[in-house]
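Novice: This is protein_31.cif (mmCIF, C-alpha atoms and all ligand atoms).
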```cif
data_data
#
loop_
_atom_site.group_PDB
_atom_site.id
_atom_site.type_symbol
_atom_site.label_atom_id
_atom_site.label_comp_id
_atom_site.auth_asym_id
_atom_site.auth_seq_id
_atom_site.Cartn_x
_atom_site.Cartn_y
_atom_site.Cartn_z
ATOM 1 C CA MET A 1 51.821 58.259 46.730
ATOM 2 C CA ALA A 2 54.101 55.831 48.547
ATOM 3 C CA SER A 3 53.766 55.761 52.333
ATOM 4 C CA ILE A 4 56.598 57.084 54.486
ATOM 5 C CA PHE A 5 57.324 53.472 55.469
ATOM 6 C CA THR A 6 57.570 52.351 51.834
ATOM 7 C CA ARG A 7 60.072 55.165 51.350
ATOM 8 C CA ILE A 8 62.006 53.872 54.364
ATOM 9 C CA VAL A 9 62.084 50.351 52.905
ATOM 10 C CA SER A 10 63.396 51.694 49.594
ATOM 11 C CA GLY A 11 66.096 53.685 51.420
ATOM 12 C CA GLU A 12 64.747 57.012 50.198
ATOM 13 C CA ILE A 13 64.188 58.017 53.847
ATOM 14 C CA PRO A 14 66.753 56.903 56.439
ATOM 15 C CA SER A 15 65.848 54.687 59.359
ATOM 16 C CA TYR A 16 67.533 52.834 62.195
ATOM 17 C CA LYS A 17 67.144 49.371 60.709
ATOM 18 C CA VAL A 18 66.849 46.438 63.078
ATOM 19 C CA ALA A 19 66.078 43.556 60.730
ATOM 20 C CA GLU A 20 64.912 42.771 57.233
ATOM 21 C CA ASP A 21 64.011 39.825 55.061
ATOM 22 C CA GLU A 22 62.411 39.499 51.660
ATOM 23 C CA ASN A 23 58.949 40.532 52.859
ATOM 24 C CA TYR A 24 59.318 42.333 56.177
ATOM 25 C CA PHE A 25 61.283 45.183 57.686
ATOM 26 C CA ALA A 26 61.884 46.296 61.290
ATOM 27 C CA PHE A 27 63.250 49.654 62.401
ATOM 28 C CA LEU A 28 63.270 51.851 65.491
ATOM 29 C CA ASP A 29 60.330 54.147 66.118
ATOM 30 C CA ILE A 30 61.712 57.667 65.889
ATOM 31 C CA ASN A 31 59.466 58.773 68.815
ATOM 32 C CA PRO A 32 60.035 55.882 71.194
ATOM 33 C CA LEU A 33 57.849 55.116 74.185
ATOM 34 C CA ALA A 34 60.760 53.129 75.625
ATOM 35 C CA GLU A 35 64.323 52.431 74.608
ATOM 36 C CA GLY A 36 64.212 49.847 71.809
ATOM 37 C CA HIS A 37 60.636 50.634 70.650
ATOM 38 C CA THR A 38 60.557 48.981 67.231
ATOM 39 C CA LEU A 39 58.130 48.973 64.304
ATOM 40 C CA VAL A 40 57.651 45.859 62.187
ATOM 41 C CA ILE A 41 56.089 46.267 58.761
ATOM 42 C CA PRO A 42 55.312 44.272 55.646
ATOM 43 C CA LYS A 43 57.273 45.660 52.717
ATOM 44 C CA LYS A 44 54.160 45.462 50.590
ATOM 45 C CA GLU A 45 52.101 48.512 51.415
ATOM 46 C CA THR A 46 48.678 47.832 52.927
ATOM 47 C CA ASP A 47 46.976 50.426 55.108
ATOM 48 C CA TYR A 48 44.927 48.348 57.551
ATOM 49 C CA ILE A 49 46.633 45.374 59.169
ATOM 50 C CA PHE A 50 43.512 43.200 59.069
ATOM 51 C CA ASP A 51 43.266 43.674 55.296
ATOM 52 C CA ILE A 52 46.540 41.787 54.831
ATOM 53 C CA GLY A 53 46.225 38.307 53.296
ATOM 54 C CA ASP A 54 46.479 35.369 55.692
ATOM 55 C CA GLU A 55 49.907 34.158 54.620
ATOM 56 C CA GLU A 56 51.514 37.586 54.762
ATOM 57 C CA TYR A 57 49.766 38.372 58.050
ATOM 58 C CA GLN A 58 51.116 35.208 59.643
ATOM 59 C CA GLY A 59 54.567 35.940 58.249
ATOM 60 C CA LEU A 60 54.463 39.452 59.698
ATOM 61 C CA PHE A 61 53.707 38.168 63.185
ATOM 62 C CA LEU A 62 56.330 35.422 62.939
ATOM 63 C CA PHE A 63 58.892 38.009 61.872
ATOM 64 C CA ALA A 64 57.802 40.262 64.778
ATOM 65 C CA LYS A 65 58.249 37.299 67.121
ATOM 66 C CA ARG A 66 61.884 36.941 66.058
ATOM 67 C CA VAL A 67 62.502 40.657 66.467
ATOM 68 C CA ALA A 68 60.858 40.634 69.918
ATOM 69 C CA ALA A 69 63.085 37.735 71.006
ATOM 70 C CA ALA A 70 66.172 39.684 69.962
ATOM 71 C CA MET A 71 64.913 42.815 71.724
ATOM 72 C CA ARG A 72 64.327 40.931 74.954
ATOM 73 C CA MET A 73 67.885 39.627 74.911
ATOM 74 C CA VAL A 74 69.528 43.028 74.750
ATOM 75 C CA ILE A 75 67.080 45.617 76.133
ATOM 76 C CA PRO A 76 66.622 45.637 79.920
ATOM 77 C CA CYS A 77 62.894 44.931 80.329
ATOM 78 C CA GLU A 78 60.498 42.388 81.726
ATOM 79 C CA ARG A 79 58.912 41.504 78.388
ATOM 80 C CA ILE A 80 58.019 42.921 75.010
ATOM 81 C CA GLY A 81 54.573 44.430 74.568
ATOM 82 C CA ILE A 82 52.761 44.626 71.256
ATOM 83 C CA ALA A 83 50.338 47.204 69.899
ATOM 84 C CA VAL A 84 48.735 48.023 66.593
ATOM 85 C CA ILE A 85 47.437 51.570 66.163
ATOM 86 C CA GLY A 86 47.906 52.835 62.615
ATOM 87 C CA LEU A 87 46.122 56.151 62.987
ATOM 88 C CA GLU A 88 49.167 58.210 62.012
ATOM 89 C CA VAL A 89 50.919 56.177 59.317
ATOM 90 C CA ARG A 90 48.651 54.347 56.861
ATOM 91 C CA HIS A 91 51.028 51.468 56.258
ATOM 92 C CA ALA A 92 50.345 48.479 58.498
ATOM 93 C CA HIS A 93 52.814 48.147 61.340
ATOM 94 C CA ILE A 94 53.256 46.431 64.681
ATOM 95 C CA HIS A 95 54.719 48.370 67.607
ATOM 96 C CA LEU A 96 57.050 46.263 69.776
ATOM 97 C CA VAL A 97 57.688 48.042 73.064
ATOM 98 C CA PRO A 98 60.020 46.867 75.856
ATOM 99 C CA LEU A 99 58.011 46.869 79.084
ATOM 100 C CA LYS A 100 58.939 47.341 82.684
ATOM 101 C CA THR A 101 55.513 48.661 83.662
ATOM 102 C CA ILE A 102 52.178 49.086 81.864
ATOM 103 C CA TYR A 103 52.948 52.799 81.592
ATOM 104 C CA ASP A 104 55.719 51.969 79.091
ATOM 105 C CA ILE A 105 53.078 51.263 76.441
ATOM 106 C CA ASP A 106 50.887 54.286 77.161
ATOM 107 C CA PHE A 107 50.912 56.167 73.861
ATOM 108 C CA ARG A 108 49.885 59.412 75.591
ATOM 109 C CA LYS A 109 53.094 59.673 77.555
ATOM 110 C CA PRO A 110 55.943 61.965 76.452
ATOM 111 C CA LYS A 111 58.259 60.244 73.983
ATOM 112 C CA LEU A 112 61.936 59.653 74.708
ATOM 113 C CA LYS A 113 64.483 61.957 73.126
ATOM 114 C CA LEU A 114 67.478 59.962 71.921
ATOM 115 C CA SER A 115 70.518 61.109 69.977
ATOM 116 C CA PRO A 116 71.312 59.650 66.538
ATOM 117 C CA GLY A 117 74.206 57.804 68.176
ATOM 118 C CA GLU A 118 71.912 56.276 70.805
ATOM 119 C CA PHE A 119 69.379 55.172 68.170
ATOM 120 C CA ALA A 120 72.158 53.634 66.069
ATOM 121 C CA GLU A 121 73.591 51.792 69.063
ATOM 122 C CA ILE A 122 70.220 50.340 70.083
ATOM 123 C CA ALA A 123 69.420 49.249 66.515
ATOM 124 C CA ALA A 124 72.817 47.566 66.196
ATOM 125 C CA LYS A 125 72.368 45.752 69.515
ATOM 126 C CA ILE A 126 68.956 44.333 68.560
ATOM 127 C CA SER A 127 70.128 43.517 65.069
ATOM 128 C CA GLY A 128 73.131 41.654 66.466
ATOM 129 C CA ALA A 129 70.857 39.499 68.639
ATOM 130 C CA MET A 130 68.628 38.354 65.735
ATOM 131 C CA ILE A 131 68.731 34.599 65.245
ATOM 132 C CA GLY A 132 68.365 33.144 61.772
HETATM 133 P P1 LIG B 1 50.572 54.942 64.438
HETATM 134 O O1 LIG B 1 50.261 55.048 62.957
HETATM 135 O O2 LIG B 1 49.577 55.698 65.288
HETATM 136 O O3 LIG B 1 50.722 53.505 64.881
HETATM 137 O O4 LIG B 1 51.957 55.665 64.698
HETATM 138 C C1 LIG B 1 52.981 55.667 63.750
HETATM 139 C C2 LIG B 1 54.318 55.568 64.432
HETATM 140 O O5 LIG B 1 55.314 55.710 63.439
HETATM 141 C C3 LIG B 1 54.585 56.631 65.495
HETATM 142 O O6 LIG B 1 54.940 55.998 66.718
HETATM 143 C C4 LIG B 1 55.726 57.452 64.915
HETATM 144 O O7 LIG B 1 56.643 57.892 65.893
HETATM 145 C C5 LIG B 1 56.372 56.467 63.965
HETATM 146 N N1 LIG B 1 57.067 57.105 62.846
HETATM 147 C C6 LIG B 1 56.577 58.019 61.986
HETATM 148 N N2 LIG B 1 57.507 58.373 61.072
HETATM 149 C C7 LIG B 1 58.616 57.636 61.358
HETATM 150 C C8 LIG B 1 59.916 57.542 60.796
HETATM 151 N N3 LIG B 1 60.272 58.270 59.728
HETATM 152 N N4 LIG B 1 60.799 56.688 61.355
HETATM 153 C C9 LIG B 1 60.462 55.947 62.429
HETATM 154 N N5 LIG B 1 59.245 55.990 63.011
HETATM 155 C C10 LIG B 1 58.335 56.829 62.492
#
```
Please render this file's structure as structure tokens.
Ligand code: AMP
Specialist:
Amino acid sequence: MASIFTRIVSGEIPSYKVAEDENYFAFLDINPLAEGHTLVIPKKETDYIFDIGDEEYQGLFLFAKRVAAAMRMVIPCERIGIAVIGLEVRHAHIHLVPLKTIYDIDFRKPKLKLSPGEFAEIAAKISGAMIG
């Protein structure tokens, strides 16, 4: 069965899309640790990130780098943190989390509750700051 993220890529399940190219897709985490918390995924479904082939793996991180640059331009934060967990959704993904303090990337902390309008606004802001 297709992963929930594959179903997001196909449009079967809605998401707050931030960026997309032929091979990669970025969208807001629905349970954000911080405003702007974004997930970056390869469109091709692989469970474990370190099972991805070298070329696709490099492409994923280069795509994440572009997304992080856009996030840093429009989300008030010191820098963008990166984490790979993958225990909940078995489709490789990179968490990009805007950081003001180390606590912002503590996955045990209560998640932010944002309205659909707030999610849409944040996604549009990051998307608008993407270069290339
Ligand atoms: P993990 O697999 O532990 O890295 O966590 C998966 C992440 O995906 C969690 O932070 C969830 O909030 C997020 N997530 C799960 N379903 C969705 C969804 N439909 N849209 C956006 N984010 C999601």
Novice: If you count all atoms listed in the file, which residues fall within 7 Å of Ile122 (chain A), apart from same-chain ones fewer than 4 positions away, as a PDB file with C-alpha atoms, in the coordinates of the input?
Specialist:
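Dumped to part35.pdb:
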```
ATOM      1  CA  GLY A  36      64.212  49.847  71.809  1.00  0.00           C
ATOM      2  CA  GLU A 118      71.912  56.276  70.805  1.00  0.00           C
ATOM      3  CA  ILE A 126      68.956  44.333  68.560  1.00  0.00           C
TER       4      ILE A 126
END
```
Novice: Return as a PyMOL selection string the set of residues that the PyMOL selection byres (((chain A and resi 97-106) around 9) and not hetatm) yields on the displayed structure.
Specialist: chain A and resi 32-39+68+71-72+75-83+95-96+107-109
Novice: Hey, can you check how far CA of Ala120 (chain A) sits from CA of Ile49 (chain A)?
Specialist: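 Computed distance, CA of Ala120 (chain A) to CA of Ile49 (chain A), equals 27.7 Å.
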Novice: What are the closest atom pairs, with distances in Å to one decimal, for each residue of chain A lying within 7 Å of ligand LIG 1 (chain B), using all atoms listed in the file, rows by chain and rising residue number, as CSV?
Specialist:
```
residue,atom,partner,partner_atom,distance
A:Ile4,CA,B:LIG1,N3,6.5
A:Ser15,CA,B:LIG1,N4,5.8
A:Phe27,CA,B:LIG1,C9,6.9
A:Leu28,CA,B:LIG1,C9,5.8
A:Asp29,CA,B:LIG1,N5,3.8
A:Ile30,CA,B:LIG1,C9,4.1
A:Asn31,CA,B:LIG1,O7,4.2
A:Pro32,CA,B:LIG1,O7,6.6
A:Val84,CA,B:LIG1,O3,6.1
A:Ile85,CA,B:LIG1,O3,4.0
A:Gly86,CA,B:LIG1,O1,3.2
A:Leu87,CA,B:LIG1,O2,4.2
A:Glu88,CA,B:LIG1,O1,3.5
A:Val89,CA,B:LIG1,O1,3.9
A:Arg90,CA,B:LIG1,O1,6.3
A:His93,CA,B:LIG1,O3,6.8
```
Novice: Restricting it to C-alpha atoms, dump the selection as a compact mmCIF listing (two decimals), in the coordinates of the input.
Specialist:
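Result saved to part.txt:
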```
# COMPACT_ATOMS: atom_id res chain seq x y z
CA ILE A 4 56.60 57.08 54.49
CA SER A 15 65.85 54.69 59.36
CA PHE A 27 63.25 49.65 62.40
CA LEU A 28 63.27 51.85 65.49
CA ASP A 29 60.33 54.15 66.12
CA ILE A 30 61.71 57.67 65.89
CA ASN A 31 59.47 58.77 68.82
CA PRO A 32 60.04 55.88 71.19
CA VAL A 84 48.74 48.02 66.59
CA ILE A 85 47.44 51.57 66.16
CA GLY A 86 47.91 52.84 62.62
CA LEU A 87 46.12 56.15 62.99
CA GLU A 88 49.17 58.21 62.01
CA VAL A 89 50.92 56.18 59.32
CA ARG A 90 48.65 54.35 56.86
CA HIS A 93 52.81 48.15 61.34
```
Novice: Between A:His91, A:Ala124, A:Ile131, A:Lys65, which residue has the minimum interatomic distance to Ile52 (chain A), considering only C-alpha atoms?
Specialist: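 Once distances to Ile52 (chain A) are computed over only C-alpha atoms, the minimum belongs to A:His91.
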Novice: Identify, on the basis of only C-alpha atoms, every residue whose closest approach to region 18-20 of chain A does not exceed 6 Å; exclude the query and any residue fewer than 5 positions from it along the same chain; express the result as a ChimeraX atom specification.
Specialist: /A:25-27,123,127
Novice: Distance CA of Tyr48 (chain A)-CA of Ala70 (chain A), one decimal place?
Specialist: 26.1 Å
Novice: At what distance in Å, to one decimal, does CA of Lys17 (chain A) lie from CA of Leu60 (chain A)?
Specialist: 16.1 Å
